[in-house]
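Colleague: data_26.pdb is reproduced in full below (PDB, N, CA and C atoms).
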ATOM      1  N   MET A  26      51.862  58.503 -18.324
ATOM      2  CA  MET A  26      51.304  58.400 -19.654
ATOM      3  C   MET A  26      50.829  56.971 -19.919
ATOM      4  N   ALA A  27      51.588  55.990 -19.460
ATOM      5  CA  ALA A  27      51.206  54.590 -19.693
ATOM      6  C   ALA A  27      49.847  54.291 -19.074
ATOM      7  N   GLU A  28      49.617  54.784 -17.859
ATOM      8  CA  GLU A  28      48.330  54.572 -17.191
ATOM      9  C   GLU A  28      47.193  55.235 -17.976
ATOM     10  N   PHE A  29      47.429  56.440 -18.465
ATOM     11  CA  PHE A  29      46.438  57.148 -19.278
ATOM     12  C   PHE A  29      46.123  56.354 -20.544
ATOM     13  N   LEU A  30      47.156  55.888 -21.257
ATOM     14  CA  LEU A  30      46.929  55.152 -22.506
ATOM     15  C   LEU A  30      46.183  53.844 -22.259
ATOM     16  N   THR A  31      46.505  53.155 -21.177
ATOM     17  CA  THR A  31      45.799  51.912 -20.840
ATOM     18  C   THR A  31      44.323  52.194 -20.576
ATOM     19  N   ALA A  32      44.038  53.233 -19.785
ATOM     20  CA  ALA A  32      42.651  53.597 -19.481
ATOM     21  C   ALA A  32      41.918  54.046 -20.751
ATOM     22  N   TYR A  33      42.587  54.803 -21.594
ATOM     23  CA  TYR A  33      41.979  55.277 -22.843
ATOM     24  C   TYR A  33      41.609  54.094 -23.739
ATOM     25  N   GLU A  34      42.556  53.177 -23.907
ATOM     26  CA  GLU A  34      42.317  52.011 -24.763
ATOM     27  C   GLU A  34      41.201  51.135 -24.205
ATOM     28  N   ALA A  35      41.126  50.986 -22.888
ATOM     29  CA  ALA A  35      40.065  50.193 -22.275
ATOM     30  C   ALA A  35      38.700  50.829 -22.534
ATOM     31  N   LYS A  36      38.630  52.147 -22.474
ATOM     32  CA  LYS A  36      37.351  52.843 -22.664
ATOM     33  C   LYS A  36      36.940  52.925 -24.131
ATOM     34  N   PHE A  37      37.907  53.193 -25.011
ATOM     35  CA  PHE A  37      37.573  53.473 -26.409
ATOM     36  C   PHE A  37      37.988  52.380 -27.387
ATOM     37  N   GLY A  38      38.587  51.301 -26.890
ATOM     38  CA  GLY A  38      38.895  50.159 -27.742
ATOM     39  C   GLY A  38      40.141  50.299 -28.591
ATOM     40  N   GLY A  39      40.960  51.294 -28.347
ATOM     41  CA  GLY A  39      42.194  51.471 -29.104
ATOM     42  C   GLY A  39      42.905  52.728 -28.654
ATOM     43  N   PRO A  40      44.081  52.946 -29.204
ATOM     44  CA  PRO A  40      44.846  54.126 -28.804
ATOM     45  C   PRO A  40      44.220  55.410 -29.352
ATOM     46  N   PRO A  41      44.584  56.554 -28.790
ATOM     47  CA  PRO A  41      44.067  57.818 -29.307
ATOM     48  C   PRO A  41      44.413  57.978 -30.788
ATOM     49  N   GLU A  42      43.453  58.484 -31.547
ATOM     50  CA  GLU A  42      43.682  58.702 -32.975
ATOM     51  C   GLU A  42      44.223  60.093 -33.258
ATOM     52  N   ALA A  43      44.165  60.972 -32.281
ATOM     53  CA  ALA A  43      44.654  62.336 -32.448
ATOM     54  C   ALA A  43      45.571  62.693 -31.289
ATOM     55  N   MET A  44      46.507  63.579 -31.562
ATOM     56  CA  MET A  44      47.460  63.979 -30.525
ATOM     57  C   MET A  44      46.823  64.786 -29.413
ATOM     58  N   TRP A  45      45.583  65.221 -29.586
ATOM     59  CA  TRP A  45      44.933  66.117 -28.622
ATOM     60  C   TRP A  45      44.338  65.396 -27.421
ATOM     61  N   ALA A  46      44.391  64.080 -27.386
ATOM     62  CA  ALA A  46      43.810  63.351 -26.254
ATOM     63  C   ALA A  46      44.543  63.688 -24.950
ATOM     64  N   ALA A  47      45.859  63.649 -24.942
ATOM     65  CA  ALA A  47      46.611  63.936 -23.710
ATOM     66  C   ALA A  47      46.495  65.401 -23.289
ATOM     67  N   PRO A  48      46.672  66.383 -24.198
ATOM     68  CA  PRO A  48      46.469  67.770 -23.774
ATOM     69  C   PRO A  48      45.032  68.036 -23.309
ATOM     70  N   GLY A  49      44.064  67.383 -23.926
ATOM     71  CA  GLY A  49      42.670  67.524 -23.486
ATOM     72  C   GLY A  49      42.489  67.009 -22.073
ATOM     73  N   TRP A  50      43.112  65.870 -21.773
ATOM     74  CA  TRP A  50      43.088  65.319 -20.418
ATOM     75  C   TRP A  50      43.708  66.313 -19.441
ATOM     76  N   ASP A  51      44.819  66.915 -19.852
ATOM     77  CA  ASP A  51      45.496  67.892 -19.001
ATOM     78  C   ASP A  51      44.595  69.083 -18.681
ATOM     79  N   VAL A  52      43.881  69.578 -19.674
ATOM     80  CA  VAL A  52      42.973  70.719 -19.459
ATOM     81  C   VAL A  52      41.913  70.364 -18.421
ATOM     82  N   VAL A  53      41.315  69.199 -18.554
ATOM     83  CA  VAL A  53      40.300  68.772 -17.593
ATOM     84  C   VAL A  53      40.925  68.623 -16.202
ATOM     85  N   HIS A  54      42.119  68.047 -16.138
ATOM     86  CA  HIS A  54      42.820  67.874 -14.859
ATOM     87  C   HIS A  54      43.040  69.226 -14.179
ATOM     88  N   ILE A  55      43.472  70.218 -14.928
ATOM     89  CA  ILE A  55      43.708  71.553 -14.358
ATOM     90  C   ILE A  55      42.393  72.167 -13.884
ATOM     91  N   LEU A  56      41.359  72.103 -14.706
ATOM     92  CA  LEU A  56      40.080  72.705 -14.325
ATOM     93  C   LEU A  56      39.492  72.047 -13.078
ATOM     94  N   VAL A  57      39.501  70.729 -13.027
ATOM     95  CA  VAL A  57      38.984  70.021 -11.854
ATOM     96  C   VAL A  57      39.829  70.355 -10.630
ATOM     97  N   GLY A  58      41.153  70.340 -10.785
ATOM     98  CA  GLY A  58      42.029  70.667  -9.669
ATOM     99  C   GLY A  58      41.822  72.084  -9.173
ATOM    100  N   ALA A  59      41.641  73.019 -10.096
ATOM    101  CA  ALA A  59      41.415  74.416  -9.707
ATOM    102  C   ALA A  59      40.086  74.567  -8.974
ATOM    103  N   MET A  60      39.036  73.886  -9.441
ATOM    104  CA  MET A  60      37.738  73.949  -8.762
ATOM    105  C   MET A  60      37.853  73.371  -7.350
ATOM    106  N   GLU A  61      38.536  72.230  -7.226
ATOM    107  CA  GLU A  61      38.680  71.592  -5.915
ATOM    108  C   GLU A  61      39.480  72.473  -4.960
ATOM    109  N   LYS A  62      40.610  73.001  -5.422
ATOM    110  CA  LYS A  62      41.460  73.816  -4.553
ATOM    111  C   LYS A  62      40.800  75.146  -4.205
ATOM    112  N   ALA A  63      40.035  75.720  -5.151
ATOM    113  CA  ALA A  63      39.344  76.987  -4.899
ATOM    114  C   ALA A  63      38.079  76.775  -4.089
ATOM    115  N   GLY A  64      37.561  75.547  -4.116
ATOM    116  CA  GLY A  64      36.299  75.268  -3.441
ATOM    117  C   GLY A  64      35.155  75.991  -4.119
ATOM    118  N   SER A  65      35.331  76.263  -5.419
ATOM    119  CA  SER A  65      34.361  77.088  -6.133
ATOM    120  C   SER A  65      34.574  76.926  -7.636
ATOM    121  N   THR A  66      33.561  77.315  -8.396
ATOM    122  CA  THR A  66      33.698  77.395  -9.851
ATOM    123  C   THR A  66      33.835  78.850 -10.302
ATOM    124  N   ASP A  67      34.017  79.752  -9.352
ATOM    125  CA  ASP A  67      34.213  81.162  -9.670
ATOM    126  C   ASP A  67      35.495  81.336 -10.491
ATOM    127  N   GLY A  68      35.378  82.005 -11.625
ATOM    128  CA  GLY A  68      36.516  82.161 -12.535
ATOM    129  C   GLY A  68      37.723  82.823 -11.907
ATOM    130  N   ALA A  69      37.511  83.900 -11.154
ATOM    131  CA  ALA A  69      38.637  84.601 -10.528
ATOM    132  C   ALA A  69      39.318  83.728  -9.486
ATOM    133  N   ALA A  70      38.543  82.998  -8.705
ATOM    134  CA  ALA A  70      39.107  82.114  -7.686
ATOM    135  C   ALA A  70      39.897  80.983  -8.339
ATOM    136  N   MET A  71      39.346  80.426  -9.412
ATOM    137  CA  MET A  71      40.054  79.358 -10.124
ATOM    138  C   MET A  71      41.332  79.877 -10.765
ATOM    139  N   ALA A  72      41.273  81.069 -11.367
ATOM    140  CA  ALA A  72      42.468  81.648 -11.992
ATOM    141  C   ALA A  72      43.576  81.846 -10.965
ATOM    142  N   LYS A  73      43.218  82.302  -9.780
ATOM    143  CA  LYS A  73      44.204  82.510  -8.714
ATOM    144  C   LYS A  73      44.856  81.187  -8.320
ATOM    145  N   VAL A  74      44.051  80.145  -8.176
ATOM    146  CA  VAL A  74      44.588  78.818  -7.849
ATOM    147  C   VAL A  74      45.492  78.329  -8.974
ATOM    148  N   MET A  75      45.072  78.561 -10.226
ATOM    149  CA  MET A  75      45.862  78.102 -11.362
ATOM    150  C   MET A  75      47.227  78.779 -11.396
ATOM    151  N   GLU A  76      47.282  80.068 -11.083
ATOM    152  CA  GLU A  76      48.565  80.773 -11.117
ATOM    153  C   GLU A  76      49.406  80.508  -9.868
ATOM    154  N   ASP A  77      48.783  80.089  -8.784
ATOM    155  CA  ASP A  77      49.505  79.840  -7.529
ATOM    156  C   ASP A  77      50.036  78.419  -7.403
ATOM    157  N   ASN A  78      49.749  77.574  -8.373
ATOM    158  CA  ASN A  78      50.162  76.171  -8.286
ATOM    159  C   ASN A  78      50.953  75.766  -9.518
ATOM    160  N   THR A  79      51.796  74.761  -9.349
ATOM    161  CA  THR A  79      52.475  74.114 -10.463
ATOM    162  C   THR A  79      51.724  72.826 -10.726
ATOM    163  N   TRP A  80      51.457  72.554 -11.974
ATOM    164  CA  TRP A  80      50.612  71.417 -12.352
ATOM    165  C   TRP A  80      51.463  70.333 -12.999
ATOM    166  N   ASP A  81      51.421  69.131 -12.437
ATOM    167  CA  ASP A  81      52.110  67.973 -13.008
ATOM    168  C   ASP A  81      51.127  67.268 -13.935
ATOM    169  N   LEU A  82      51.401  67.342 -15.228
ATOM    170  CA  LEU A  82      50.461  66.878 -16.246
ATOM    171  C   LEU A  82      51.050  65.735 -17.056
ATOM    172  N   LEU A  83      50.210  65.116 -17.863
ATOM    173  CA  LEU A  83      50.690  64.071 -18.761
ATOM    174  C   LEU A  83      51.741  64.610 -19.714
ATOM    175  N   THR A  84      51.568  65.857 -20.133
ATOM    176  CA  THR A  84      52.446  66.447 -21.137
ATOM    177  C   THR A  84      53.539  67.323 -20.533
ATOM    178  N   GLY A  85      53.819  67.170 -19.241
ATOM    179  CA  GLY A  85      54.886  67.919 -18.591
ATOM    180  C   GLY A  85      54.357  68.906 -17.570
ATOM    181  N   GLN A  86      55.256  69.448 -16.812
ATOM    182  CA  GLN A  86      54.893  70.380 -15.751
ATOM    183  C   GLN A  86      54.528  71.748 -16.351
ATOM    184  N   LEU A  87      53.534  72.402 -15.743
ATOM    185  CA  LEU A  87      53.053  73.701 -16.208
ATOM    186  C   LEU A  87      52.927  74.646 -15.031
ATOM    187  N   ASP A  88      53.370  75.874 -15.239
ATOM    188  CA  ASP A  88      53.264  76.917 -14.223
ATOM    189  C   ASP A  88      52.885  78.211 -14.935
ATOM    190  N   TRP A  89      52.066  79.039 -14.279
ATOM    191  CA  TRP A  89      51.666  80.328 -14.831
ATOM    192  C   TRP A  89      52.235  81.459 -13.996
ATOM    193  N   GLU A  90      52.582  82.549 -14.678
ATOM    194  CA  GLU A  90      52.930  83.792 -13.993
ATOM    195  C   GLU A  90      51.629  84.421 -13.493
ATOM    196  N   PRO A  91      51.713  85.336 -12.514
ATOM    197  CA  PRO A  91      50.504  86.022 -12.052
ATOM    198  C   PRO A  91      49.920  86.936 -13.142
ATOM    199  N   ALA A  92      48.698  87.396 -12.893
ATOM    200  CA  ALA A  92      47.974  88.215 -13.871
ATOM    201  C   ALA A  92      48.755  89.463 -14.260
ATOM    202  N   ASP A  93      49.446  90.098 -13.302
ATOM    203  CA  ASP A  93      50.173  91.333 -13.625
ATOM    204  C   ASP A  93      51.349  91.087 -14.566
ATOM    205  N   LYS A  94      51.710  89.829 -14.766
ATOM    206  CA  LYS A  94      52.750  89.472 -15.734
ATOM    207  C   LYS A  94      52.144  88.774 -16.948
ATOM    208  N   GLY A  95      50.822  88.919 -17.106
ATOM    209  CA  GLY A  95      50.138  88.408 -18.296
ATOM    210  C   GLY A  95      49.858  86.922 -18.317
ATOM    211  N   HIS A  96      49.942  86.269 -17.154
ATOM    212  CA  HIS A  96      49.720  84.822 -17.069
ATOM    213  C   HIS A  96      50.609  84.043 -18.047
ATOM    214  N   GLU A  97      51.816  84.538 -18.248
ATOM    215  CA  GLU A  97      52.761  83.837 -19.117
ATOM    216  C   GLU A  97      52.965  82.420 -18.593
ATOM    217  N   THR A  98      53.015  81.468 -19.498
ATOM    218  CA  THR A  98      53.179  80.068 -19.088
ATOM    219  C   THR A  98      54.635  79.643 -19.121
ATOM    220  N   HIS A  99      54.936  78.689 -18.266
ATOM    221  CA  HIS A  99      56.219  78.000 -18.261
ATOM    222  C   HIS A  99      55.868  76.520 -18.358
ATOM    223  N   LYS A 100      56.225  75.887 -19.468
ATOM    224  CA  LYS A 100      55.793  74.514 -19.745
ATOM    225  C   LYS A 100      56.986  73.655 -20.129
ATOM    226  N   GLN A 101      57.080  72.510 -19.496
ATOM    227  CA  GLN A 101      58.120  71.560 -19.862
ATOM    228  C   GLN A 101      57.868  71.017 -21.259
ATOM    229  N   ALA A 102      58.959  70.640 -21.908
ATOM    230  CA  ALA A 102      58.873  69.994 -23.219
ATOM    231  C   ALA A 102      59.486  68.602 -23.105
ATOM    232  N   ALA A 103      58.861  67.655 -23.759
ATOM    233  CA  ALA A 103      59.397  66.299 -23.785
ATOM    234  C   ALA A 103      60.558  66.255 -24.773
ATOM    235  N   MET A 104      61.677  65.717 -24.332
ATOM    236  CA  MET A 104      62.837  65.554 -25.205
ATOM    237  C   MET A 104      62.852  64.103 -25.680
ATOM    238  N   VAL A 105      62.782  63.935 -26.995
ATOM    239  CA  VAL A 105      62.707  62.605 -27.598
ATOM    240  C   VAL A 105      63.781  62.491 -28.671
ATOM    241  N   LYS A 106      64.449  61.362 -28.688
ATOM    242  CA  LYS A 106      65.476  61.079 -29.691
ATOM    243  C   LYS A 106      64.928  59.985 -30.615
ATOM    244  N   LEU A 107      65.068  60.188 -31.917
ATOM    245  CA  LEU A 107      64.657  59.175 -32.881
ATOM    246  C   LEU A 107      65.895  58.510 -33.453
ATOM    247  N   THR A 108      65.942  57.198 -33.349
ATOM    248  CA  THR A 108      67.032  56.425 -33.924
ATOM    249  C   THR A 108      66.412  55.355 -34.804
ATOM    250  N   GLY A 109      66.638  55.461 -36.091
ATOM    251  CA  GLY A 109      66.036  54.500 -37.018
ATOM    252  C   GLY A 109      64.523  54.493 -36.944
ATOM    253  N   GLY A 110      63.930  55.660 -36.657
ATOM    254  CA  GLY A 110      62.478  55.775 -36.566
ATOM    255  C   GLY A 110      61.885  55.309 -35.250
ATOM    256  N   VAL A 111      62.741  54.911 -34.314
ATOM    257  CA  VAL A 111      62.272  54.438 -33.007
ATOM    258  C   VAL A 111      62.471  55.562 -31.984
ATOM    259  N   PRO A 112      61.380  56.021 -31.343
ATOM    260  CA  PRO A 112      61.528  57.102 -30.372
ATOM    261  C   PRO A 112      62.076  56.602 -29.037
ATOM    262  N   GLU A 113      62.895  57.446 -28.420
ATOM    263  CA  GLU A 113      63.417  57.169 -27.078
ATOM    264  C   GLU A 113      63.203  58.434 -26.240
ATOM    265  N   PHE A 114      62.437  58.321 -25.161
ATOM    266  CA  PHE A 114      62.171  59.453 -24.283
ATOM    267  C   PHE A 114      63.423  59.734 -23.468
ATOM    268  N   LEU A 115      63.943  60.960 -23.575
ATOM    269  CA  LEU A 115      65.168  61.338 -22.872
ATOM    270  C   LEU A 115      64.894  62.049 -21.550
ATOM    271  N   GLY A 116      63.716  62.662 -21.438
ATOM    272  CA  GLY A 116      63.375  63.375 -20.213
ATOM    273  C   GLY A 116      62.661  64.671 -20.520
ATOM    274  N   TRP A 117      62.433  65.451 -19.480
ATOM    275  CA  TRP A 117      61.720  66.725 -19.597
ATOM    276  C   TRP A 117      62.703  67.878 -19.540
ATOM    277  N   LEU A 118      62.406  68.945 -20.283
ATOM    278  CA  LEU A 118      63.223  70.153 -20.286
ATOM    279  C   LEU A 118      62.317  71.357 -20.061
ATOM    280  N   MET A 119      62.666  72.174 -19.072
ATOM    281  CA  MET A 119      61.952  73.427 -18.848
ATOM    282  C   MET A 119      62.796  74.525 -19.487
ATOM    283  N   PRO A 120      62.319  75.151 -20.555
ATOM    284  CA  PRO A 120      63.103  76.195 -21.208
ATOM    285  C   PRO A 120      63.413  77.339 -20.237
ATOM    286  N   ASP A 121      64.602  77.924 -20.382
ATOM    287  CA  ASP A 121      65.002  79.058 -19.558
ATOM    288  C   ASP A 121      64.241  80.325 -19.926
ATOM    289  N   SER A 122      63.879  80.434 -21.181
ATOM    290  CA  SER A 122      63.146  81.617 -21.649
ATOM    291  C   SER A 122      62.305  81.215 -22.845
ATOM    292  N   GLN A 123      61.428  82.111 -23.237
ATOM    293  CA  GLN A 123      60.617  81.864 -24.424
ATOM    294  C   GLN A 123      60.559  83.140 -25.244
ATOM    295  N   PRO A 124      60.348  82.990 -26.544
ATOM    296  CA  PRO A 124      60.309  84.184 -27.387
ATOM    297  C   PRO A 124      59.092  85.040 -27.064
ATOM    298  N   ALA A 125      59.238  86.320 -27.292
ATOM    299  CA  ALA A 125      58.107  87.236 -27.088
ATOM    300  C   ALA A 125      57.013  86.919 -28.095
ATOM    301  N   PRO A 126      55.744  87.130 -27.702
ATOM    302  CA  PRO A 126      54.657  86.850 -28.651
ATOM    303  C   PRO A 126      54.677  87.791 -29.836
TER     304      PRO A 126
END
Could you rewrite the structure in this file as structure tokens?

Modeller:
Amino acid sequence: MAEFLTAYEAKFGGPPEAMWAAPGWDVVHILVGAMEKAGSTDGAAMAKVMEDNTWDLLTGQLDWEPADKGHETHKQAAMVKLTGGVPEFLGWLMPDSQPAP
């Protein structure tokens, strides 16, 4: 994340103004990685690569179930502790389960 923030600030002259900068970066990272691994921009080929790989992202690790299981996602969550308004990163947590949609 530190490398991303440094590069972002160098390009845009300050820190991200919205929380969507890091998830947006992650989306591009996944799409580029899927195209490279699939050797194609074909949607089905990219989807297969996306479900067959675990993605290490700025916002935590992401994994997808196969299509027959609805491409359910498994996503790490950042655990942060606030003490006197000061955040402390505690680590990543992969939930054991998620609620049904």

Colleague: When DSSP works through the backbone of this structure, what residues of chain A end up as strand (DSSP E or B), shown as a list in words?

Modeller: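 DSSP-assigned strand (DSSP E or B) residues in chain A: Thr79, Trp80, Asp81, Leu82, Gly85, Gln86, Leu87, Asp88, Trp89, Thr98, His99, Lys100, Ala102, Ala103, Met104, Val105, Lys106, Leu107, Thr108, Val111, Pro112, Glu113, Phe114, Leu115, Gly116, Trp117 and Leu118 of chain A.
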
Colleague: Tell me, as a PyMOL selection string, which residues lie within 8 Å of Ile55 of chain A, counting all atoms listed in the file; anything in the same chain fewer than 6 positions away does not count.

Modeller: chain A and resi 49+61+75+80+82

Colleague: For the selection just defined, write its residues with N, CA and C atoms to a file, as a PDB file, keeping the file's coordinate frame.

Modeller:
ATOM      1  N   GLY A  49      44.064  67.383 -23.926  1.00  0.00           N
ATOM      2  CA  GLY A  49      42.670  67.524 -23.486  1.00  0.00           C
ATOM      3  C   GLY A  49      42.489  67.009 -22.073  1.00  0.00           C
ATOM      4  N   GLU A  61      38.536  72.230  -7.226  1.00  0.00           N
ATOM      5  CA  GLU A  61      38.680  71.592  -5.915  1.00  0.00           C
ATOM      6  C   GLU A  61      39.480  72.473  -4.960  1.00  0.00           C
ATOM      7  N   MET A  75      45.072  78.561 -10.226  1.00  0.00           N
ATOM      8  CA  MET A  75      45.862  78.102 -11.362  1.00  0.00           C
ATOM      9  C   MET A  75      47.227  78.779 -11.396  1.00  0.00           C
ATOM     10  N   TRP A  80      51.457  72.554 -11.974  1.00  0.00           N
ATOM     11  CA  TRP A  80      50.612  71.417 -12.352  1.00  0.00           C
ATOM     12  C   TRP A  80      51.463  70.333 -12.999  1.00  0.00           C
ATOM     13  N   LEU A  82      51.401  67.342 -15.228  1.00  0.00           N
ATOM     14  CA  LEU A  82      50.461  66.878 -16.246  1.00  0.00           C
ATOM     15  C   LEU A  82      51.050  65.735 -17.056  1.00  0.00           C
TER      16      LEU A  82
END

Colleague: Would you mind writing down, as a PyMOL selection string, each residue of segment 36-104 of chain A that DSSP on the backbone assigns to helix (DSSP H, G or I)?

Modeller: chain A and resi 36-37+46-63+68-77+92-94

Colleague: Skip Asp77 of chain A itself and residues of its chain fewer than 6 positions away, then list as a PyMOL selection string all residues within 8 Å of it, counting all atoms listed in the file.

Modeller: chain A and resi 71+88-91

Colleague: Could you give me the axis-aligned bounding box of segment 105-117 of chain A, with 8 Å of padding per side, as centre plus edge lengths in Å to one decimal, as lines of an AutoDock Vina configuration file?

Modeller:
center_x = 64.2
center_y = 61.2
center_z = -28.2
size_x = 21.7
size_y = 29.4
size_z = 33.5

Colleague: Counting all atoms listed in the file, which residue out of A:Leu83, A:Ala125, A:Val111, A:Met119 sits closest to Met26 of chain A?

Modeller: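 Closest residue, counting all atoms listed in the file: A:Leu83.
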
Colleague: My list of candidates is A:Pro124, A:Gly64, A:Gly85, A:Gly58. Which is closest to Gln101 of chain A when distances are computed with only N, CA and C atoms?

Modeller: A:Gly85

Colleague: Of the candidates A:Leu30, A:Thr84, A:Lys62, A:Ala102, which one gets nearest to Gly116 of chain A if we count all atoms listed in the file?

Modeller: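 Counting all atoms listed in the file, the residue closest to Gly116 of chain A is A:Ala102.
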
Colleague: What's the separation between atom N of His99 of chain A and atom C of Gln86 of chain A, in Å to one decimal place?

Modeller: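 It comes out at 7.2 Å.
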
Colleague: Between atom CA of Trp50 of chain A and atom CA of Ala32 of chain A, measure the distance and give it in Å to one decimal.

Modeller: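 So the two atoms, atom CA of Trp50 of chain A and atom CA of Ala32 of chain A, lie 11.8 Å apart.
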
Colleague: Atom C of Thr31 of chain A and atom C of Met104 of chain A, how far apart in Å?

Modeller: 22.6 Å

Colleague: Between A:Leu118, A:Pro48, A:Leu87, A:Ala59, which has the minimum distance to Val74 of chain A (counting all atoms listed in the file)?

Modeller: A:Ala59
